[in-house]
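Listing of query17.cif, mmCIF, C-alpha atoms and all ligand atoms
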data_start
loop_
_atom_site.label_atom_id
_atom_site.label_comp_id
_atom_site.auth_asym_id
_atom_site.auth_seq_id
_atom_site.Cartn_x
_atom_site.Cartn_y
_atom_site.Cartn_z
CA MET A 1 12.65 -49.84 -87.25
CA ALA A 2 14.32 -51.65 -90.15
CA LEU A 3 16.73 -54.50 -89.40
CA PRO A 4 19.82 -55.65 -91.34
CA LEU A 5 20.33 -59.38 -91.98
CA ARG A 6 23.47 -61.42 -91.58
CA VAL A 7 23.41 -65.17 -92.14
CA THR A 8 26.55 -67.18 -91.34
CA GLY A 9 27.20 -70.90 -91.56
CA LEU A 10 23.55 -71.78 -92.07
CA ASP A 11 22.97 -75.50 -92.53
CA VAL A 12 19.37 -76.60 -93.02
CA ARG A 13 18.49 -80.29 -92.98
CA SER A 14 15.47 -82.36 -93.85
CA PRO A 15 13.83 -84.33 -91.02
CA ARG A 16 15.96 -87.31 -92.19
CA GLY A 17 19.19 -85.33 -91.85
CA ARG A 18 19.91 -84.54 -95.51
CA THR A 19 21.34 -81.03 -96.01
CA ILE A 20 18.90 -79.12 -98.22
CA LEU A 21 20.38 -75.62 -97.88
CA SER A 22 23.81 -74.24 -96.95
CA VAL A 23 24.60 -70.53 -96.74
CA GLU A 24 28.13 -69.53 -95.78
CA ASP A 25 27.61 -65.78 -95.59
CA LEU A 26 24.76 -63.53 -96.66
CA GLN A 27 24.33 -59.90 -95.68
CA LEU A 28 21.60 -57.44 -96.44
CA PRO A 29 21.38 -53.84 -95.22
CA ALA A 30 18.32 -52.68 -93.27
CA GLY A 31 15.48 -51.65 -95.55
CA ALA A 32 16.93 -53.33 -98.68
CA LEU A 33 14.78 -55.28 -101.15
CA LEU A 34 16.19 -58.71 -102.04
CA GLY A 35 14.85 -61.02 -104.74
CA VAL A 36 15.56 -64.76 -104.62
CA ARG A 37 15.25 -66.86 -107.75
CA GLY A 38 16.25 -70.36 -108.80
CA PRO A 39 14.92 -73.64 -110.14
CA SER A 40 12.15 -75.62 -108.49
CA GLY A 41 13.39 -77.54 -105.45
CA ALA A 42 16.57 -75.44 -105.16
CA GLY A 43 15.86 -74.35 -101.58
CA LYS A 44 14.30 -70.88 -101.97
CA SER A 45 11.31 -71.42 -99.67
CA THR A 46 13.59 -73.21 -97.22
CA LEU A 47 15.79 -70.09 -97.10
CA LEU A 48 12.76 -67.92 -96.22
CA TYR A 49 11.57 -70.30 -93.51
CA ALA A 50 15.06 -70.68 -92.06
CA ILE A 51 15.72 -66.94 -91.78
CA ALA A 52 12.33 -66.57 -90.09
CA GLY A 53 13.47 -69.16 -87.53
CA LEU A 54 10.72 -71.50 -88.70
CA TRP A 55 12.86 -74.49 -89.64
CA PRO A 56 13.48 -76.85 -86.72
CA GLN A 57 16.47 -78.73 -88.19
CA ALA A 58 18.85 -75.82 -88.81
CA ALA A 59 22.26 -74.79 -87.47
CA GLY A 60 24.32 -71.62 -87.86
CA ALA A 61 23.51 -67.98 -87.14
CA VAL A 62 20.76 -65.74 -88.50
CA HIS A 63 21.22 -62.25 -87.14
CA TRP A 64 18.46 -59.70 -87.58
CA GLY A 65 20.18 -56.66 -86.14
CA ASP A 66 21.69 -57.83 -82.85
CA THR A 67 19.37 -60.80 -82.44
CA ASP A 68 20.45 -64.28 -83.55
CA VAL A 69 17.06 -65.96 -84.05
CA MET A 70 18.77 -69.37 -84.15
CA GLY A 71 20.18 -68.79 -80.69
CA LEU A 72 16.79 -68.03 -79.13
CA GLY A 73 14.67 -70.58 -77.31
CA GLU A 74 11.32 -71.44 -78.89
CA ALA A 75 9.22 -68.96 -76.87
CA ARG A 76 11.55 -66.01 -77.47
CA ARG A 77 11.91 -66.92 -81.15
CA THR A 78 8.13 -66.94 -81.55
CA ALA A 79 7.91 -63.57 -79.78
CA PHE A 80 10.64 -62.13 -82.03
CA ARG A 81 8.81 -63.34 -85.12
CA ALA A 82 5.47 -61.98 -83.94
CA ALA A 83 7.00 -58.57 -83.26
CA ASN A 84 9.31 -58.23 -86.27
CA ILE A 85 8.41 -60.48 -89.19
CA GLY A 86 5.52 -60.42 -91.64
CA MET A 87 5.11 -63.39 -93.99
CA ILE A 88 3.23 -63.73 -97.25
CA PHE A 89 2.81 -67.42 -97.96
CA GLN A 90 2.60 -68.93 -101.42
CA ASP A 91 -0.98 -70.11 -100.88
CA PHE A 92 -2.05 -67.02 -98.89
CA LEU A 93 -3.25 -69.02 -95.80
CA LEU A 94 -6.34 -66.85 -95.34
CA PHE A 95 -9.39 -67.83 -93.31
CA GLU A 96 -12.13 -68.16 -95.93
CA GLU A 97 -15.11 -67.39 -93.74
CA LEU A 98 -13.55 -64.29 -92.18
CA SER A 99 -13.71 -60.82 -93.67
CA ALA A 100 -10.71 -59.08 -95.23
CA GLN A 101 -10.47 -56.89 -92.13
CA ASP A 102 -10.50 -59.87 -89.75
CA ASN A 103 -7.91 -61.69 -91.85
CA ALA A 104 -5.71 -58.60 -92.10
CA ALA A 105 -5.92 -57.96 -88.36
CA LEU A 106 -5.17 -61.57 -87.42
CA THR A 107 -1.76 -60.82 -85.91
CA SER A 108 -3.48 -58.62 -83.31
CA LEU A 109 -4.25 -61.91 -81.52
CA PHE A 110 -0.54 -62.22 -80.75
CA ARG A 111 -0.24 -58.66 -79.39
CA PRO A 112 -0.58 -57.44 -75.86
CA ARG A 113 -4.22 -56.44 -75.23
CA ASP A 114 -3.46 -52.69 -75.31
CA ARG A 115 -1.87 -52.94 -78.80
CA ARG A 116 -4.61 -54.98 -80.50
CA ARG A 117 -6.68 -51.99 -81.49
CA GLN A 118 -3.61 -50.40 -83.08
CA VAL A 119 -3.02 -53.47 -85.29
CA GLY A 120 -6.73 -53.49 -86.24
CA GLU A 121 -6.53 -49.86 -87.30
CA ARG A 122 -3.31 -50.42 -89.21
CA ALA A 123 -4.92 -53.41 -90.99
CA ARG A 124 -7.76 -51.12 -92.10
CA THR A 125 -5.28 -48.50 -93.36
CA ARG A 126 -3.26 -51.12 -95.25
CA LEU A 127 -6.38 -52.54 -96.90
CA ALA A 128 -7.42 -49.06 -97.99
CA ALA A 129 -3.90 -48.34 -99.31
CA LEU A 130 -4.19 -51.55 -101.32
CA SER A 131 -7.59 -50.39 -102.65
CA LEU A 132 -9.59 -52.91 -100.65
CA PRO A 133 -11.97 -50.69 -98.69
CA GLU A 134 -14.76 -53.33 -98.81
CA THR A 135 -13.68 -55.17 -95.67
CA ALA A 136 -16.88 -56.83 -94.37
CA ARG A 137 -17.31 -59.61 -96.99
CA PRO A 138 -15.77 -63.06 -96.35
CA VAL A 139 -12.63 -63.48 -98.42
CA ALA A 140 -14.15 -66.67 -99.90
CA SER A 141 -15.89 -64.32 -102.36
CA PHE A 142 -12.67 -62.48 -103.32
CA SER A 143 -10.69 -62.80 -106.56
CA GLY A 144 -7.12 -64.14 -106.55
CA GLY A 145 -5.66 -60.64 -106.79
CA GLU A 146 -7.85 -59.36 -103.95
CA ARG A 147 -6.92 -62.30 -101.75
CA GLN A 148 -3.25 -61.74 -102.38
CA ARG A 149 -3.66 -58.09 -101.36
CA VAL A 150 -5.40 -59.17 -98.13
CA ALA A 151 -2.38 -61.39 -97.45
CA VAL A 152 -0.08 -58.38 -97.99
CA ALA A 153 -2.18 -56.20 -95.66
CA ARG A 154 -2.05 -58.91 -92.99
CA ALA A 155 1.71 -59.29 -93.29
CA LEU A 156 2.16 -55.53 -92.84
CA ALA A 157 -0.54 -54.80 -90.21
CA HIS A 158 1.82 -55.01 -87.24
CA ASP A 159 4.46 -52.81 -88.95
CA PRO A 160 7.08 -55.55 -89.21
CA ALA A 161 10.74 -54.63 -89.72
CA ILE A 162 11.04 -57.63 -92.06
CA LEU A 163 8.70 -58.83 -94.80
CA LEU A 164 9.23 -62.30 -96.29
CA ALA A 165 7.20 -63.17 -99.39
CA ASP A 166 7.07 -66.57 -101.11
CA GLU A 167 6.09 -66.25 -104.79
CA PRO A 168 3.70 -63.37 -104.07
CA THR A 169 2.60 -63.02 -107.70
CA ALA A 170 2.56 -66.70 -108.69
CA SER A 171 -1.20 -67.12 -108.80
CA LEU A 172 -2.02 -63.73 -110.34
CA HIS A 173 -2.63 -62.68 -113.91
CA ARG A 174 -0.26 -60.07 -115.31
CA GLU A 175 -2.25 -56.97 -114.49
CA ALA A 176 -2.93 -58.02 -110.89
CA ALA A 177 0.70 -59.09 -110.50
CA ASP A 178 2.00 -55.73 -111.71
CA ARG A 179 -0.28 -53.91 -109.35
CA LEU A 180 0.80 -56.07 -106.42
CA ILE A 181 4.48 -55.54 -107.26
CA HIS A 182 3.93 -51.78 -107.26
CA ASP A 183 2.00 -51.81 -103.97
CA LEU A 184 4.35 -54.22 -102.22
CA THR A 185 7.55 -52.39 -103.13
CA ALA A 186 6.02 -48.97 -102.40
CA LEU A 187 4.77 -50.07 -98.97
CA ALA A 188 8.13 -51.68 -98.14
CA LYS A 189 10.10 -48.60 -99.23
CA ASP A 190 7.76 -46.16 -97.45
CA SER A 191 8.01 -48.01 -94.16
CA GLY A 192 11.72 -48.90 -94.49
CA THR A 193 10.88 -52.60 -94.29
CA THR A 194 13.55 -55.14 -95.29
CA LEU A 195 11.84 -57.21 -98.02
CA ILE A 196 12.95 -60.63 -99.20
CA ALA A 197 10.82 -62.06 -102.01
CA VAL A 198 11.18 -65.48 -103.61
CA SER A 199 9.95 -65.19 -107.17
CA HIS A 200 10.27 -66.27 -110.79
CA ASP A 201 8.56 -63.06 -111.88
CA VAL A 202 11.04 -60.93 -113.85
CA ALA A 203 8.90 -57.82 -113.29
CA LEU A 204 9.13 -58.30 -109.52
CA LEU A 205 12.84 -59.17 -109.54
CA SER A 206 13.61 -56.04 -111.58
CA ARG A 207 12.22 -53.88 -108.75
CA MET A 208 14.54 -55.37 -106.13
CA ASP A 209 17.81 -53.74 -105.03
CA ARG A 210 19.57 -57.06 -105.44
CA VAL A 211 18.72 -60.53 -106.76
CA LEU A 212 20.44 -63.77 -105.83
CA THR A 213 20.08 -67.25 -107.27
CA VAL A 214 19.68 -70.37 -105.18
CA GLN A 215 20.79 -73.54 -106.93
CA ASP A 216 21.11 -77.05 -105.49
CA GLY A 217 20.77 -75.74 -101.95
CA ARG A 218 23.42 -73.03 -102.29
CA ILE A 219 23.61 -69.38 -103.23
CA ALA A 220 25.17 -69.23 -106.70
CA ARG A 221 28.87 -68.35 -106.74
CA GLY A 222 29.68 -64.67 -106.68
CA GLU A 223 26.26 -63.75 -105.32
CA SER A 224 26.81 -64.19 -101.58
CA GLY A 225 28.57 -61.64 -99.41
CA VAL A 226 27.63 -58.05 -98.78
CA ALA A 227 24.66 -56.71 -100.74
N1 LIG B 1 9.76 -81.00 -94.93
C1 LIG B 1 10.66 -81.46 -95.82
N2 LIG B 1 11.18 -82.68 -95.69
C2 LIG B 1 12.10 -83.15 -96.56
N3 LIG B 1 12.56 -82.45 -97.63
C3 LIG B 1 12.05 -81.23 -97.79
C4 LIG B 1 11.08 -80.66 -96.93
N4 LIG B 1 10.76 -79.43 -97.37
C5 LIG B 1 11.50 -79.23 -98.48
N5 LIG B 1 12.27 -80.31 -98.73
C6 LIG B 1 13.20 -80.47 -99.85
O1 LIG B 1 14.10 -79.38 -99.83
C7 LIG B 1 14.42 -78.98 -101.14
C8 LIG B 1 14.14 -77.50 -101.29
O2 LIG B 1 12.73 -77.25 -101.17
P1 LIG B 1 12.14 -75.79 -101.33
O3 LIG B 1 10.66 -75.88 -101.10
O4 LIG B 1 12.91 -74.86 -100.47
O5 LIG B 1 12.44 -75.48 -102.86
P2 LIG B 1 12.05 -74.21 -103.73
O6 LIG B 1 13.30 -73.72 -104.36
O7 LIG B 1 11.26 -73.24 -102.91
O8 LIG B 1 11.11 -74.87 -104.84
P3 LIG B 1 9.80 -74.32 -105.62
O9 LIG B 1 10.27 -73.25 -106.57
O10 LIG B 1 9.33 -75.55 -106.36
O11 LIG B 1 8.82 -73.85 -104.58
C9 LIG B 1 13.60 -79.85 -102.07
O12 LIG B 1 14.42 -80.90 -102.54
C10 LIG B 1 12.50 -80.39 -101.19
O13 LIG B 1 12.07 -81.65 -101.63
#

In structure tokens, write the structure found in this file.
Ligand SMILES: Nc1ncnc2c1ncn2[C@@H]1O[C@H](COP(=O)(O)OP(=O)(O)OP(=O)(O)O)[C@@H](O)[C@H]1O
Amino acid sequence: MALPLRVTGLDVRSPRGRTILSVEDLQLPAGALLGVRGPSGAGKSTLLYAIAGLWPQAAGAVHWGDTDVMGLGEARRTAFRAANIGMIFQDFLLFEELSAQDNAALTSLFRPRDRRRQVGERARTRLAALSLPETARPVASFSGGERQRVAVARALAHDPAILLADEPTASLHREAADRLIHDLTALAKDSGTTLIAVSHDVALLSRMDRVLTVQDGRIARGESGVA
């Protein structure tokens, strides 16, 4: 089930207490695709981490549907994330010695025992949909484009309502990037997943329903509010 986002009064600080991101009000309908752009150091990755409830020094409210992830205790926040959020990290964070299938099915470890098989099967389906049927080889032998697709399959294997992607095409050459953009947006649309992607890639941003700019730790004027 897709989830809408509403962020209000978000204040994210560095460990030393410096505010690095402030968001007064940001809303996104369930199933929408949002692109986030902006200069280096502006606070784009921080925004992704904060709305995933992964930033310890943050205040304000981040509602995904009826749940304010900021208001949850650590254990319930972790459980919410495991159930609802898929993340594609800038540097993939794959386990080199594991196969594509084992990497893609990694989130099954955080599922109840009776749901693990389901995540494993979904990982296999996602890999096939991303044209990666060869799942037994360690990902250490994969190309950059193949690795990025394994990261996408992993992020989607537990059918998350929310997909957060940090520069998903940054390390790819043009052809691989275009293919990933196509696959990522098609999979998100097909499953009604709310997708938020930080990117400098104009081709990716042009496929989003809406694009906002983060600058100096703020959403650029005129771009906050209802999507
Ligand atoms: N753990 C941290 N401790 C202190 N400052 C941090 C920390 N993480 C990020 N920052 C600072 O917060 C600001 C925003 O960082 P962030 O990584 O969100 O930028 P970004 O827009 O994603 O940049 P890039 O495009 O280069 O990835 C930067 O000034 C950065 O130095």

Set the distance at 9 Å and use all atoms listed in the file: which residues neighbour Ala176 of chain A once local chain neighbours fewer than 3 positions away are removed? I'd like the list as an mmCIF file with C-alpha atoms, in the frame of the given file.
data_model
loop_
_atom_site.group_PDB
_atom_site.id
_atom_site.type_symbol
_atom_site.label_atom_id
_atom_site.label_comp_id
_atom_site.auth_asym_id
_atom_site.auth_seq_id
_atom_site.Cartn_x
_atom_site.Cartn_y
_atom_site.Cartn_z
ATOM 1 C CA GLY A 144 -7.120 -64.140 -106.550
ATOM 2 C CA GLY A 145 -5.660 -60.640 -106.790
ATOM 3 C CA GLU A 146 -7.850 -59.360 -103.950
ATOM 4 C CA THR A 169 2.600 -63.020 -107.700
ATOM 5 C CA LEU A 172 -2.020 -63.730 -110.340
ATOM 6 C CA HIS A 173 -2.630 -62.680 -113.910
ATOM 7 C CA ARG A 179 -0.280 -53.910 -109.350
ATOM 8 C CA LEU A 180 0.800 -56.070 -106.420
ATOM 9 C CA ILE A 181 4.480 -55.540 -107.260
#

Could the residues that lie within 6 Å of ligand LIG 1 (chain B), counting only C-alpha atoms and all ligand atoms, be listed as a ChimeraX atom specification? /A:14-15,20,39-46

Of the listed residues A:His200, A:Arg115, A:His158, A:Arg37, that which approaches Thr213 of chain A most closely, counting only C-alpha atoms: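 Among the listed residues, A:Arg37 lies closest to Thr213 of chain A.
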
Pick out the residues sitting within 7 Å of segment 83-89 of chain A, and hand them over as a VMD selection string; count only C-alpha atoms, and ignore anything fewer than 6 positions along from it in its own chain. chain A and resid 151 to 152 155 to 156 160 to 166 168

Of the listed residues A:Val139, A:Leu28, A:Leu212, A:Ala2, that which approaches Ser99 of chain A most closely, counting only C-alpha atoms: A:Val139

Within 9 Å of Thr135 of chain A using only C-alpha atoms, minus same-chain residues under 2 positions, as a list in words: Ser99, Ala100, Gln101, Asp102, Arg124, Leu127, Leu132, Pro133, Arg137, Pro138 and Val139 of chain A

Atom CA of Asp201 of chain A to atom CA of Asp178 of chain A: how many Å, to one decimal?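 For atom CA of Asp201 of chain A relative to atom CA of Asp178 of chain A, the distance reads 9.8 Å.
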
Could you list, as an MDAnalysis selection string, every residue within 9 Å of Met208 of chain A, counting only C-alpha atoms and ignoring same-chain residues fewer than 4 positions away? chainID A and resid 32:35 185 195:197 204

Would you list the contacts of Ala79 of chain A as a compact mmCIF listing (two decimals) with C-alpha atoms, keeping the file's coordinate frame, taking every protein, DNA or RNA residue within 12 Å and counting only C-alpha atoms, but skipping same-chain residues closer than 3 positions in sequence?
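Contents of out_3.txt, freshly written:
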# COMPACT_ATOMS: atom_id res chain seq x y z
CA ALA A 52 12.33 -66.57 -90.09
CA GLY A 53 13.47 -69.16 -87.53
CA VAL A 69 17.06 -65.96 -84.05
CA LEU A 72 16.79 -68.03 -79.13
CA GLY A 73 14.67 -70.58 -77.31
CA GLU A 74 11.32 -71.44 -78.89
CA ALA A 75 9.22 -68.96 -76.87
CA ARG A 76 11.55 -66.01 -77.47
CA ALA A 82 5.47 -61.98 -83.94
CA ALA A 83 7.00 -58.57 -83.26
CA ASN A 84 9.31 -58.23 -86.27
CA ILE A 85 8.41 -60.48 -89.19
CA THR A 107 -1.76 -60.82 -85.91
CA PHE A 110 -0.54 -62.22 -80.75
CA ARG A 111 -0.24 -58.66 -79.39
CA PRO A 112 -0.58 -57.44 -75.86

How far is it from atom CA of Asn103 of chain A to atom CA of Ser191 of chain A, in Å with one decimal? 21.1 Å

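Distances to Ser171 of chain A were evaluated for A:Tyr49, A:Leu184, A:Val7, A:Ser199 using all atoms listed in the file, and the minimum falls at A:Ser199.
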
What is the distance, in Å and to one decimal place, between atom CA of Leu5 of chain A and atom CA of Thr194 of chain A?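 Calculated distance between atom CA of Leu5 of chain A and atom CA of Thr194 of chain A is 8.7 Å.
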
Nearest candidate to Ala203 of chain A (options A:Ala220, A:Ala177, A:Ala104, A:Leu187; using only C-alpha atoms): A:Ala177

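Counting only C-alpha atoms, the residue from A:Gln148, A:Ser143, A:Thr125, A:Thr8 that sits nearest to Gln27 of chain A is A:Thr8.
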
Using only C-alpha atoms, find the one residue out of A:Thr78, A:Gln118, A:Ser206, A:Gln90 that sits nearest to Asp159 of chain A.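 Checking each of A:Thr78, A:Gln118, A:Ser206, A:Gln90 against Asp159 of chain A, counting only C-alpha atoms, the winner is A:Gln118.
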
Listed atoms of segment 13-21 of chain A, axis-aligned box, 8 Å per side: centre and edge lengths to one decimal in Å, as lines of an AutoDock Vina configuration file?
center_x = 17.6
center_y = -81.5
center_z = -94.6
size_x = 23.5
size_y = 27.7
size_z = 23.2
